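Chemist: What follows is the file coords_3.cif, containing mmCIF, C-alpha atoms and all ligand atoms:
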data_coords
#
loop_
_atom_site.label_atom_id
_atom_site.label_comp_id
_atom_site.auth_asym_id
_atom_site.auth_seq_id
_atom_site.Cartn_x
_atom_site.Cartn_y
_atom_site.Cartn_z
CA GLN R 1 -4.07 22.16 16.76
CA ASP R 2 -5.09 19.00 18.58
CA LEU R 3 -7.28 16.91 16.32
CA ASN R 4 -10.02 14.34 16.70
CA VAL R 5 -9.08 11.32 14.62
CA ALA R 6 -11.02 8.20 13.59
CA ILE R 7 -9.73 4.94 12.11
CA VAL R 8 -12.28 2.89 10.17
CA GLY R 9 -11.12 -0.73 9.95
CA ALA R 10 -9.24 -0.36 13.23
CA THR R 11 -9.20 -4.12 13.86
CA GLY R 12 -7.70 -4.88 10.44
CA ALA R 13 -4.13 -5.44 9.29
CA VAL R 14 -3.69 -1.82 8.14
CA GLY R 15 -5.94 -0.13 10.73
CA GLY R 16 -3.80 -1.41 13.60
CA LYS R 17 -0.66 -0.06 11.94
CA ILE R 18 -2.28 3.36 11.45
CA LEU R 19 -2.86 3.56 15.22
CA GLU R 20 0.73 2.46 15.88
CA LYS R 21 2.14 5.09 13.49
CA LEU R 22 -0.03 7.88 14.93
CA VAL R 23 1.26 7.06 18.43
CA GLU R 24 4.89 6.50 17.36
CA ARG R 25 5.06 9.72 15.32
CA GLN R 26 3.27 11.72 18.03
CA PHE R 27 0.56 12.85 15.67
CA PRO R 28 -1.23 15.80 17.33
CA ALA R 29 -4.40 13.84 18.13
CA LYS R 30 -6.61 14.84 21.02
CA SER R 31 -8.66 11.65 20.59
CA ILE R 32 -8.47 8.53 18.40
CA LYS R 33 -11.76 6.74 17.73
CA MET R 34 -11.43 3.10 16.70
CA LEU R 35 -14.18 2.02 14.31
CA ALA R 36 -14.92 -1.38 12.77
CA SER R 37 -17.95 -3.57 12.14
CA LYS R 38 -20.65 -4.39 14.68
CA ARG R 39 -18.89 -7.75 15.22
CA SER R 40 -15.93 -6.18 17.00
CA ALA R 41 -17.75 -3.39 18.85
CA GLY R 42 -16.59 -3.41 22.47
CA SER R 43 -13.27 -5.17 21.82
CA LYS R 44 -10.09 -3.64 23.12
CA ILE R 45 -6.88 -2.62 21.34
CA ILE R 46 -3.82 -1.80 23.45
CA VAL R 47 -0.98 0.36 22.09
CA GLU R 48 1.87 1.52 24.34
CA GLY R 49 -0.16 0.66 27.44
CA LYS R 50 -3.17 2.70 26.37
CA ASN R 51 -6.58 1.04 25.85
CA TYR R 52 -8.73 1.83 22.85
CA ILE R 53 -12.30 0.46 22.72
CA VAL R 54 -13.65 -0.41 19.27
CA GLU R 55 -17.01 1.01 18.20
CA GLU R 56 -19.36 0.10 15.36
CA THR R 57 -19.08 2.40 12.31
CA VAL R 58 -22.26 4.45 11.76
CA PRO R 59 -22.69 7.85 10.05
CA GLU R 60 -22.85 9.60 13.45
CA SER R 61 -19.43 8.17 14.35
CA PHE R 62 -17.94 11.07 12.39
CA GLU R 63 -19.54 13.93 14.36
CA GLY R 64 -16.68 16.16 15.53
CA ILE R 65 -14.00 14.16 13.71
CA ASP R 66 -11.28 16.18 11.93
CA ILE R 67 -9.41 13.38 10.13
CA ALA R 68 -10.79 9.92 9.31
CA PHE R 69 -8.54 7.14 8.03
CA PHE R 70 -10.45 4.47 6.09
CA SER R 71 -9.12 0.95 5.61
CA ALA R 72 -12.09 -1.40 5.78
CA GLY R 73 -12.57 -2.22 2.09
CA GLY R 74 -13.93 -0.23 -0.84
CA SER R 75 -17.62 -0.76 -0.09
CA ILE R 76 -17.28 0.63 3.45
CA SER R 77 -15.53 3.71 2.03
CA GLN R 78 -18.31 4.08 -0.55
CA THR R 79 -20.88 3.93 2.27
CA PHE R 80 -19.25 6.15 4.89
CA ALA R 81 -16.61 8.48 3.36
CA HIS R 82 -19.14 11.07 2.19
CA GLU R 83 -20.95 10.82 5.55
CA ALA R 84 -17.64 11.71 7.23
CA VAL R 85 -16.97 14.62 4.83
CA LYS R 86 -20.53 15.91 5.31
CA ARG R 87 -19.77 16.16 9.04
CA GLY R 88 -16.59 18.16 8.45
CA ALA R 89 -13.94 15.42 8.44
CA ILE R 90 -11.13 15.05 5.94
CA VAL R 91 -11.02 11.44 4.74
CA ILE R 92 -7.75 9.66 3.92
CA ASP R 93 -8.89 6.54 2.12
CA ASN R 94 -6.67 3.50 1.81
CA THR R 95 -9.06 1.55 -0.46
CA SER R 96 -9.40 1.68 -4.24
CA ALA R 97 -12.88 3.28 -4.00
CA PHE R 98 -11.92 6.80 -5.13
CA ARG R 99 -8.34 6.54 -6.40
CA MET R 100 -9.06 7.15 -10.05
CA ASP R 101 -11.71 9.89 -9.55
CA ALA R 102 -10.42 12.98 -11.37
CA ASP R 103 -11.31 15.36 -8.54
CA ILE R 104 -9.68 13.24 -5.82
CA PRO R 105 -5.92 13.56 -5.25
CA LEU R 106 -3.95 10.30 -5.18
CA VAL R 107 -0.94 11.09 -3.04
CA VAL R 108 2.51 9.83 -2.12
CA PRO R 109 3.94 12.81 -0.20
CA GLU R 110 7.52 12.35 -1.51
CA VAL R 111 6.21 12.40 -5.09
CA ASN R 112 3.18 14.69 -5.44
CA ALA R 113 2.41 16.44 -2.14
CA ASP R 114 1.23 19.52 -4.16
CA GLU R 115 -1.88 17.58 -5.12
CA LEU R 116 -3.11 17.97 -1.54
CA ASN R 117 -3.95 21.60 -2.28
CA ARG R 118 -6.88 20.61 -4.46
CA HIS R 119 -8.73 18.14 -2.24
CA ASN R 120 -12.48 18.34 -1.62
CA GLY R 121 -12.54 16.37 1.61
CA ILE R 122 -11.30 13.00 0.34
CA ILE R 123 -7.68 12.06 -0.38
CA ALA R 124 -6.84 8.64 -1.76
CA ASN R 125 -3.88 6.56 -0.62
CA PRO R 126 -2.52 4.55 -3.59
CA ASN R 127 -2.20 0.77 -3.92
CA CYS R 128 0.64 -0.65 -1.80
CA SER R 129 2.70 -1.95 -4.74
CA THR R 130 2.31 1.34 -6.58
CA ILE R 131 3.49 3.44 -3.62
CA GLN R 132 6.83 1.71 -3.15
CA MET R 133 7.53 1.70 -6.91
CA VAL R 134 6.79 5.40 -7.54
CA THR R 135 8.70 6.42 -4.40
CA ALA R 136 11.80 4.59 -5.62
CA LEU R 137 11.47 5.81 -9.23
CA LYS R 138 10.47 9.43 -8.60
CA ALA R 139 13.97 10.96 -8.62
CA ILE R 140 15.06 8.87 -11.63
CA LYS R 141 12.02 10.07 -13.54
CA GLU R 142 12.65 13.69 -12.62
CA LYS R 143 16.34 13.59 -13.53
CA PHE R 144 16.44 11.37 -16.61
CA GLY R 145 12.83 10.84 -17.75
CA ILE R 146 11.22 7.39 -17.82
CA ASN R 147 9.37 6.20 -20.95
CA ARG R 148 8.45 2.69 -19.91
CA ILE R 149 8.05 0.57 -16.77
CA ILE R 150 7.60 -3.20 -16.73
CA VAL R 151 7.05 -4.54 -13.23
CA SER R 152 6.51 -8.00 -11.75
CA THR R 153 5.49 -8.09 -8.10
CA TYR R 154 6.07 -10.66 -5.37
CA GLN R 155 3.38 -9.71 -2.86
CA ALA R 156 2.83 -10.74 0.75
CA VAL R 157 -0.45 -12.12 2.09
CA SER R 158 -0.95 -9.27 4.60
CA GLY R 159 -1.93 -7.12 1.61
CA ALA R 160 -5.10 -9.22 1.49
CA GLY R 161 -5.87 -8.56 5.17
CA ALA R 162 -5.65 -10.24 8.54
CA GLU R 163 -7.64 -13.30 7.43
CA ALA R 164 -5.15 -14.00 4.65
CA ILE R 165 -2.28 -14.06 7.18
CA GLU R 166 -4.35 -16.57 9.15
CA GLU R 167 -4.89 -18.68 6.01
CA LEU R 168 -1.15 -18.83 5.26
CA SER R 169 -0.38 -19.67 8.86
CA GLU R 170 -2.86 -22.58 9.01
CA GLN R 171 -1.86 -23.98 5.62
CA SER R 172 1.83 -23.79 6.49
CA LEU R 173 1.38 -26.53 9.06
CA GLN R 174 0.13 -28.95 6.39
CA MET R 175 3.40 -29.73 4.61
CA ASP R 176 2.44 -33.37 3.97
CA SER R 177 -0.86 -32.71 2.20
CA ARG R 178 0.17 -29.71 0.20
CA THR R 179 -1.78 -30.35 -3.01
CA ASP R 180 -5.08 -30.83 -1.19
CA ILE R 181 -4.86 -28.07 1.38
CA LYS R 182 -8.21 -26.35 1.90
CA ALA R 183 -8.17 -22.77 0.59
CA VAL R 184 -11.07 -20.41 1.27
CA LEU R 185 -9.82 -16.86 0.72
CA LEU R 186 -6.92 -16.39 -1.70
CA PRO R 187 -6.40 -15.35 -4.42
CA SER R 188 -9.50 -13.24 -3.79
CA ALA R 189 -12.52 -13.68 -1.52
CA SER R 190 -14.87 -12.99 -4.43
CA ALA R 191 -13.09 -15.26 -6.97
CA GLU R 192 -14.80 -18.47 -8.05
CA LYS R 193 -11.85 -20.72 -7.22
CA HIS R 194 -9.42 -20.61 -4.32
CA TYR R 195 -5.88 -22.03 -4.25
CA PRO R 196 -3.47 -22.70 -1.39
CA ILE R 197 -0.91 -19.95 -0.85
CA ALA R 198 1.43 -22.02 1.36
CA PHE R 199 4.03 -23.89 -0.78
CA ASN R 200 2.68 -22.03 -3.80
CA VAL R 201 2.83 -18.90 -5.97
CA ILE R 202 -0.43 -17.44 -7.32
CA PRO R 203 -0.30 -15.20 -10.40
CA GLN R 204 -3.62 -13.57 -9.55
CA ILE R 205 -4.32 -10.70 -7.13
CA ASP R 206 -7.91 -9.43 -7.17
CA LEU R 207 -10.23 -10.38 -10.06
CA PHE R 208 -9.55 -10.46 -13.81
CA ASP R 209 -10.63 -7.74 -16.21
CA GLU R 210 -11.72 -8.69 -19.75
CA SER R 211 -8.28 -7.43 -20.92
CA GLY R 212 -6.61 -10.43 -19.25
CA TYR R 213 -4.97 -8.21 -16.63
CA THR R 214 -6.05 -8.41 -12.99
CA LEU R 215 -7.52 -5.40 -11.21
CA GLU R 216 -4.36 -5.22 -9.05
CA GLU R 217 -2.25 -4.97 -12.22
CA LEU R 218 -4.53 -2.28 -13.66
CA LYS R 219 -4.30 -0.36 -10.37
CA MET R 220 -0.51 -0.26 -10.71
CA MET R 221 -0.72 0.77 -14.37
CA ASN R 222 -3.35 3.50 -13.94
CA GLU R 223 -2.29 4.86 -10.55
CA THR R 224 1.34 5.26 -11.64
CA LYS R 225 0.25 7.52 -14.50
CA LYS R 226 -1.97 9.57 -12.21
CA ILE R 227 0.65 10.00 -9.45
CA PHE R 228 3.38 10.93 -11.95
CA ALA R 229 0.85 13.13 -13.83
CA ASP R 230 2.13 11.51 -17.01
CA GLU R 231 -0.44 9.95 -19.34
CA LYS R 232 2.30 8.96 -21.81
CA ILE R 233 4.42 6.77 -19.56
CA ALA R 234 4.02 3.10 -20.60
CA VAL R 235 3.38 0.80 -17.63
CA ALA R 236 2.70 -2.94 -17.65
CA ALA R 237 2.41 -5.05 -14.50
CA THR R 238 2.24 -8.71 -13.50
CA CYS R 239 1.11 -9.09 -9.88
CA VAL R 240 1.85 -12.30 -8.00
CA ARG R 241 1.08 -13.48 -4.46
CA LEU R 242 3.70 -15.45 -2.49
CA PRO R 243 3.73 -17.19 0.90
CA VAL R 244 5.38 -14.16 2.56
CA VAL R 245 3.59 -12.63 5.56
CA THR R 246 4.55 -8.98 5.12
CA GLY R 247 6.72 -7.07 2.63
CA HIS R 248 6.13 -6.69 -1.08
CA SER R 249 9.02 -7.18 -3.53
CA GLU R 250 9.13 -5.98 -7.13
CA SER R 251 11.33 -6.69 -10.11
CA VAL R 252 11.22 -3.42 -12.02
CA TYR R 253 12.51 -2.71 -15.53
CA ILE R 254 12.60 0.90 -16.72
CA GLU R 255 13.53 2.59 -19.99
CA LEU R 256 14.82 6.14 -19.81
CA ASN R 257 14.64 8.99 -22.31
CA ARG R 258 18.38 8.90 -22.88
CA GLU R 259 21.32 6.52 -23.34
CA ASP R 260 24.06 8.32 -21.39
CA VAL R 261 23.03 7.29 -17.87
CA SER R 262 25.13 4.97 -15.69
CA VAL R 263 24.22 2.73 -12.75
CA GLU R 264 26.07 5.26 -10.56
CA ASP R 265 23.82 8.06 -11.89
CA ILE R 266 20.75 5.98 -11.04
CA ARG R 267 22.02 5.34 -7.52
CA SER R 268 22.78 9.02 -6.89
CA ALA R 269 19.31 9.98 -8.09
CA ILE R 270 17.55 7.36 -5.93
CA LYS R 271 19.45 8.53 -2.82
CA THR R 272 17.96 12.03 -3.03
CA THR R 273 14.45 10.82 -2.12
CA PRO R 274 13.84 10.78 1.64
CA GLY R 275 12.91 7.34 2.94
CA VAL R 276 14.52 5.44 0.08
CA VAL R 277 17.55 3.31 0.99
CA ILE R 278 19.94 1.54 -1.38
CA GLN R 279 20.93 -1.99 -0.36
CA ASP R 280 23.02 -3.10 -3.29
CA ASP R 281 26.33 -4.93 -3.08
CA PRO R 282 26.53 -8.28 -4.87
CA SER R 283 30.06 -8.88 -3.51
CA SER R 284 28.63 -9.12 0.00
CA GLN R 285 25.23 -10.55 -1.05
CA LEU R 286 23.52 -7.33 -0.01
CA TYR R 287 20.05 -6.87 -1.50
CA PRO R 288 16.60 -6.07 -0.07
CA MET R 289 14.41 -8.90 1.21
CA PRO R 290 10.89 -8.71 2.67
CA LEU R 291 11.75 -10.58 5.86
CA TYR R 292 14.13 -7.75 6.79
CA ALA R 293 11.95 -4.91 5.48
CA GLU R 294 9.04 -5.92 7.72
CA GLY R 295 8.44 -3.29 10.39
CA LYS R 296 10.62 -0.70 8.61
CA ASP R 297 9.38 2.59 7.19
CA GLU R 298 11.80 2.75 4.25
CA VAL R 299 11.63 1.65 0.63
CA PHE R 300 14.71 -0.51 -0.12
CA VAL R 301 16.30 -0.73 -3.58
CA GLY R 302 18.95 -3.15 -4.81
CA ARG R 303 20.13 -5.30 -7.76
CA ILE R 304 20.48 -2.16 -9.89
CA ARG R 305 21.79 -3.21 -13.31
CA LYS R 306 21.95 -1.91 -16.85
CA ASP R 307 20.04 -3.97 -19.39
CA PRO R 308 22.56 -5.91 -21.53
CA THR R 309 20.89 -5.05 -24.85
CA GLN R 310 18.76 -1.93 -24.37
CA PRO R 311 21.03 1.11 -23.78
CA THR R 312 18.28 3.09 -22.02
CA GLY R 313 17.13 0.11 -19.90
CA PHE R 314 17.75 -0.65 -16.19
CA HIS R 315 16.61 -3.40 -13.86
CA MET R 316 16.17 -3.16 -10.10
CA TRP R 317 14.59 -4.89 -7.09
CA ILE R 318 12.36 -2.80 -4.81
CA VAL R 319 11.12 -4.00 -1.39
CA SER R 320 9.03 -2.33 1.31
CA ASP R 321 6.64 -3.17 4.15
CA ASN R 322 3.25 -3.14 2.41
CA LEU R 323 1.42 -2.34 5.66
CA LEU R 324 3.68 0.66 6.42
CA LYS R 325 4.93 2.75 3.45
CA GLY R 326 2.45 0.79 1.32
CA ALA R 327 -0.50 1.75 3.52
CA ALA R 328 -0.51 3.02 7.14
CA LEU R 329 2.66 5.14 7.06
CA ASN R 330 1.78 6.78 3.74
CA SER R 331 -1.72 7.61 5.09
CA VAL R 332 -0.28 9.16 8.25
CA GLN R 333 2.30 11.09 6.18
CA ILE R 334 -0.57 12.50 4.11
CA ALA R 335 -2.25 13.68 7.33
CA GLU R 336 1.02 15.22 8.56
CA GLU R 337 1.47 17.03 5.26
CA LEU R 338 -2.10 18.37 5.48
CA ILE R 339 -1.61 19.93 8.90
CA LYS R 340 1.77 21.48 8.04
P1 LIG R 401 -14.10 -6.30 11.84
O1 LIG R 401 -12.88 -6.80 12.51
O2 LIG R 401 -15.13 -5.81 12.80
O3 LIG R 401 -14.66 -7.23 10.81
P2 LIG R 401 -8.48 -6.51 6.96
O4 LIG R 401 -8.08 -5.50 5.95
O5 LIG R 401 -7.36 -6.94 7.85
O6 LIG R 401 -9.24 -7.65 6.37
O7 LIG R 401 -9.51 -5.75 7.94
C1 LIG R 401 -10.73 -5.26 7.49
C2 LIG R 401 -11.26 -4.22 8.47
O8 LIG R 401 -12.51 -3.75 7.96
C3 LIG R 401 -11.53 -4.76 9.86
O9 LIG R 401 -11.19 -3.78 10.80
C4 LIG R 401 -13.03 -4.98 9.82
O10 LIG R 401 -13.65 -4.94 11.07
C5 LIG R 401 -13.46 -3.79 9.00
N1 LIG R 401 -14.83 -3.97 8.52
C6 LIG R 401 -15.36 -5.02 7.86
N2 LIG R 401 -16.68 -4.83 7.63
C7 LIG R 401 -17.00 -3.63 8.16
C8 LIG R 401 -18.21 -2.87 8.29
N3 LIG R 401 -19.36 -3.32 7.80
N4 LIG R 401 -18.15 -1.67 8.92
C9 LIG R 401 -16.99 -1.21 9.41
N5 LIG R 401 -15.82 -1.88 9.34
C10 LIG R 401 -15.83 -3.08 8.74
#
Take the structure in this file and express it as structure tokens.

Modeler:
Amino acid sequence: QDLNVAIVGATGAVGGKILEKLVERQFPAKSIKMLASKRSAGSKIIVEGKNYIVEETVPESFEGIDIAFFSAGGSISQTFAHEAVKRGAIVIDNTSAFRMDADIPLVVPEVNADELNRHNGIIANPNCSTIQMVTALKAIKEKFGINRIIVSTYQAVSGAGAEAIEELSEQSLQMDSRTDIKAVLLPSASAEKHYPIAFNVIPQIDLFDESGYTLEELKMMNETKKIFADEKIAVAATCVRLPVVTGHSESVYIELNREDVSVEDIRSAIKTTPGVVIQDDPSSQLYPMPLYAEGKDEVFVGRIRKDPTQPTGFHMWIVSDNLLKGAALNSVQIAEELIK
């Protein structure tokens, strides 16, 4: 079952990782077509000694393609995903374009792989911060029930794309002028104002909604309900950008359905999910950190504590590589699940 695969956004932060994961995991691909904008047509990407030439994305690019990974922004998915499906491809979309559409599955294979049975050609890959949180919480939810989640994120710049990594890198050299550093991209290309990310923390990711939440926060709140298939679970998020290159961290507070659960019970539950690793030993200063999660496939969980006043409440710290489990790896896992 050798497949023809395309990657739209192949020159981007996530697109490059999708290619790496396909090669590393020996995905049964007969060909991999690298697609981006006209600007990068003709440029070369080398993975494990093999050359891939980038082509411009046009509707005809998808002739003969079996699986198309999209990671070039929501508007590109809006323009080309249906063109790909029309030509017989299955689209795995890493943007927010279709995530909340009722007839499109939103999938984290460890949590809701069953949803893949009802796809109509497009499958959505959730938001990076949502993926690592639901993967870590899935077994706890199944075993003990979760009523409420309050999450604050500490997100890396690579989540905003390759240009945001560049922005952090340039600004980082300007230690002496840090209040008047020129900012052009973050917090969001389409925002009215831009602030430096180096030497700073920005409590805005994506644009604001009239509710006072940002779109990134609403993604976490809505997508969590959809992935858990639980409209009643209460979720509130605060999403924050930090001067970290790659690796999102999250402080997560949960309230369970019952009072008789111990930290040990929580740990044993978490350990049952493949790909989730506990790093939690205060006596040896062991806890997850993004610098060490970068390049790793796993979701790391630490700082697991009972709330001092709420008997059903627990706190924890969840870290993962936002470009891997948060994006490229999850997309490739969806494709692997599909061909099983
Ligand atoms: P290009 O490099 O040609 O601009 P990131 O998420 O790192 O910002 O990357 C965005 C990706 O989306 C890049 O691969 C970029 O390609 C791609 N992209 C941007 N605009 C288009 C377009 N009009 N058609 C296809 N791909 C696009």

Chemist: So that I can check the surroundings of region 218-226 of chain R, please list as a PDB file with C-alpha atoms, in the coordinates of the input every protein, DNA and RNA residue that reaches within 10 Å of it, counting only C-alpha atoms and ignoring chain neighbours fewer than 2 positions away.

Modeler:
ATOM      1  CA  SER R  96      -9.400   1.680  -4.240  1.00  0.00           C
ATOM      2  CA  ARG R  99      -8.340   6.540  -6.400  1.00  0.00           C
ATOM      3  CA  MET R 100      -9.060   7.150 -10.050  1.00  0.00           C
ATOM      4  CA  ALA R 102     -10.420  12.980 -11.370  1.00  0.00           C
ATOM      5  CA  PRO R 105      -5.920  13.560  -5.250  1.00  0.00           C
ATOM      6  CA  LEU R 106      -3.950  10.300  -5.180  1.00  0.00           C
ATOM      7  CA  VAL R 107      -0.940  11.090  -3.040  1.00  0.00           C
ATOM      8  CA  ASN R 112       3.180  14.690  -5.440  1.00  0.00           C
ATOM      9  CA  PRO R 126      -2.520   4.550  -3.590  1.00  0.00           C
ATOM     10  CA  ASN R 127      -2.200   0.770  -3.920  1.00  0.00           C
ATOM     11  CA  CYS R 128       0.640  -0.650  -1.800  1.00  0.00           C
ATOM     12  CA  SER R 129       2.700  -1.950  -4.740  1.00  0.00           C
ATOM     13  CA  THR R 130       2.310   1.340  -6.580  1.00  0.00           C
ATOM     14  CA  ILE R 131       3.490   3.440  -3.620  1.00  0.00           C
ATOM     15  CA  MET R 133       7.530   1.700  -6.910  1.00  0.00           C
ATOM     16  CA  VAL R 134       6.790   5.400  -7.540  1.00  0.00           C
ATOM     17  CA  ILE R 149       8.050   0.570 -16.770  1.00  0.00           C
ATOM     18  CA  ILE R 150       7.600  -3.200 -16.730  1.00  0.00           C
ATOM     19  CA  VAL R 151       7.050  -4.540 -13.230  1.00  0.00           C
ATOM     20  CA  PHE R 208      -9.550 -10.460 -13.810  1.00  0.00           C
ATOM     21  CA  ASP R 209     -10.630  -7.740 -16.210  1.00  0.00           C
ATOM     22  CA  SER R 211      -8.280  -7.430 -20.920  1.00  0.00           C
ATOM     23  CA  TYR R 213      -4.970  -8.210 -16.630  1.00  0.00           C
ATOM     24  CA  THR R 214      -6.050  -8.410 -12.990  1.00  0.00           C
ATOM     25  CA  LEU R 215      -7.520  -5.400 -11.210  1.00  0.00           C
ATOM     26  CA  GLU R 216      -4.360  -5.220  -9.050  1.00  0.00           C
ATOM     27  CA  PHE R 228       3.380  10.930 -11.950  1.00  0.00           C
ATOM     28  CA  ALA R 229       0.850  13.130 -13.830  1.00  0.00           C
ATOM     29  CA  ASP R 230       2.130  11.510 -17.010  1.00  0.00           C
ATOM     30  CA  GLU R 231      -0.440   9.950 -19.340  1.00  0.00           C
ATOM     31  CA  LYS R 232       2.300   8.960 -21.810  1.00  0.00           C
ATOM     32  CA  ILE R 233       4.420   6.770 -19.560  1.00  0.00           C
ATOM     33  CA  ALA R 234       4.020   3.100 -20.600  1.00  0.00           C
ATOM     34  CA  VAL R 235       3.380   0.800 -17.630  1.00  0.00           C
ATOM     35  CA  ALA R 236       2.700  -2.940 -17.650  1.00  0.00           C
ATOM     36  CA  ALA R 237       2.410  -5.050 -14.500  1.00  0.00           C
ATOM     37  CA  THR R 238       2.240  -8.710 -13.500  1.00  0.00           C
ATOM     38  CA  CYS R 239       1.110  -9.090  -9.880  1.00  0.00           C
TER      39      CYS R 239
END

Chemist: Show me a table, sorted first by chain and then by increasing residue number, of the residues of chain R having an atom at most 7 Å from ligand LIG 401 (chain R), each with its shortest atom pair and the distance in Å to one decimal, counting all atoms listed in the file and written as JSON lines.

Modeler:
{"residue": "R:Val8", "atom": "CA", "partner": "R:LIG401", "partner_atom": "N5", "distance": 6.0}
{"residue": "R:Gly9", "atom": "CA", "partner": "R:LIG401", "partner_atom": "O9", "distance": 3.2}
{"residue": "R:Ala10", "atom": "CA", "partner": "R:LIG401", "partner_atom": "O9", "distance": 4.6}
{"residue": "R:Thr11", "atom": "CA", "partner": "R:LIG401", "partner_atom": "O9", "distance": 3.7}
{"residue": "R:Gly12", "atom": "CA", "partner": "R:LIG401", "partner_atom": "O7", "distance": 3.2}
{"residue": "R:Ala13", "atom": "CA", "partner": "R:LIG401", "partner_atom": "O5", "distance": 3.8}
{"residue": "R:Val14", "atom": "CA", "partner": "R:LIG401", "partner_atom": "O4", "distance": 6.1}
{"residue": "R:Gly15", "atom": "CA", "partner": "R:LIG401", "partner_atom": "O9", "distance": 6.4}
{"residue": "R:Leu35", "atom": "CA", "partner": "R:LIG401", "partner_atom": "C9", "distance": 6.5}
{"residue": "R:Ala36", "atom": "CA", "partner": "R:LIG401", "partner_atom": "N5", "distance": 3.6}
{"residue": "R:Ser37", "atom": "CA", "partner": "R:LIG401", "partner_atom": "O2", "distance": 3.7}
{"residue": "R:Lys38", "atom": "CA", "partner": "R:LIG401", "partner_atom": "O2", "distance": 6.0}
{"residue": "R:Arg39", "atom": "CA", "partner": "R:LIG401", "partner_atom": "O2", "distance": 4.9}
{"residue": "R:Ser40", "atom": "CA", "partner": "R:LIG401", "partner_atom": "O2", "distance": 4.3}
{"residue": "R:Glu56", "atom": "CA", "partner": "R:LIG401", "partner_atom": "C9", "distance": 6.5}
{"residue": "R:Thr57", "atom": "CA", "partner": "R:LIG401", "partner_atom": "C9", "distance": 5.1}
{"residue": "R:Ser71", "atom": "CA", "partner": "R:LIG401", "partner_atom": "O8", "distance": 6.3}
{"residue": "R:Ala72", "atom": "CA", "partner": "R:LIG401", "partner_atom": "O8", "distance": 3.2}
{"residue": "R:Gly73", "atom": "CA", "partner": "R:LIG401", "partner_atom": "O8", "distance": 6.1}
{"residue": "R:Ile76", "atom": "CA", "partner": "R:LIG401", "partner_atom": "N4", "distance": 6.0}
{"residue": "R:Ala160", "atom": "CA", "partner": "R:LIG401", "partner_atom": "O4", "distance": 6.5}
{"residue": "R:Gly161", "atom": "CA", "partner": "R:LIG401", "partner_atom": "O5", "distance": 3.5}
{"residue": "R:Ala162", "atom": "CA", "partner": "R:LIG401", "partner_atom": "O5", "distance": 3.8}
{"residue": "R:Glu163", "atom": "CA", "partner": "R:LIG401", "partner_atom": "O6", "distance": 6.0}

Chemist: Hey, which of R:Val23, R:Pro196, R:Ala191, R:Glu210 ends up closest to Thr179 (chain R)? Count only C-alpha atoms.

Modeler: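 Once distances to Thr179 (chain R) are computed over only C-alpha atoms, the minimum belongs to R:Pro196.
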
Chemist: Hey, which of R:Met34, R:Ile334, R:Ala89, R:Ala198 ends up closest to Val111 (chain R)? Count all atoms listed in the file.

Modeler: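 Of R:Met34, R:Ile334, R:Ala89, R:Ala198, the one nearest Val111 (chain R) is R:Ile334, counting all atoms listed in the file.
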
Chemist: Please compute the CA of Lys21 (chain R)-CA of Phe69 (chain R) distance, one decimal, in Å.

Modeler: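 Result for CA of Lys21 (chain R) versus CA of Phe69 (chain R): 12.2 Å, one decimal.
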
Chemist: Which value, in Å to one decimal, gives the distance between CA of Leu242 (chain R) and CA of Lys138 (chain R)?

Modeler: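 Between CA of Leu242 (chain R) and CA of Lys138 (chain R) the gap is 26.5 Å.
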
Chemist: What's around region 320-322 of chain R at 7 Å? Count all atoms listed in the file, leave out sequence neighbours fewer than 6 positions away in its own chain, and write the answer as a PyMOL selection string.

Modeler: chain R and resi 128+132+159+246-249+290+293-296+298-300

Chemist: So which residues touch region 267-276 of chain R within 10 Å, counting only C-alpha atoms, skipping near sequence neighbours fewer than 4 positions away, as a PyMOL selection string?

Modeler: chain R and resi 110-111+132+135-144+262-263+280+297-302+304+318+320+325

Chemist: Since the input lacks atoms, please generate N, CA and C atoms for region 213-220 of chain R and provide them as a short mmCIF file (atom, residue, chain, number, x, y, z; two decimals), in the frame of the given file.

Modeler:
data_model
loop_
_atom_site.label_atom_id
_atom_site.label_comp_id
_atom_site.auth_asym_id
_atom_site.auth_seq_id
_atom_site.Cartn_x
_atom_site.Cartn_y
_atom_site.Cartn_z
N TYR R 213 -5.70 -8.70 -17.81
CA TYR R 213 -4.97 -8.21 -16.63
C TYR R 213 -5.87 -8.34 -15.40
N THR R 214 -5.25 -8.44 -14.21
CA THR R 214 -6.05 -8.41 -12.99
C THR R 214 -6.26 -6.96 -12.57
N LEU R 215 -7.24 -6.76 -11.69
CA LEU R 215 -7.52 -5.40 -11.21
C LEU R 215 -6.31 -4.84 -10.46
N GLU R 216 -5.57 -5.68 -9.75
CA GLU R 216 -4.36 -5.22 -9.05
C GLU R 216 -3.34 -4.69 -10.07
N GLU R 217 -3.19 -5.40 -11.19
CA GLU R 217 -2.25 -4.97 -12.22
C GLU R 217 -2.71 -3.65 -12.83
N LEU R 218 -4.01 -3.53 -13.07
CA LEU R 218 -4.53 -2.28 -13.66
C LEU R 218 -4.38 -1.12 -12.68
N LYS R 219 -4.52 -1.42 -11.36
CA LYS R 219 -4.30 -0.36 -10.37
C LYS R 219 -2.87 0.17 -10.53
N MET R 220 -1.90 -0.71 -10.58
CA MET R 220 -0.51 -0.26 -10.71
C MET R 220 -0.31 0.55 -11.98
#
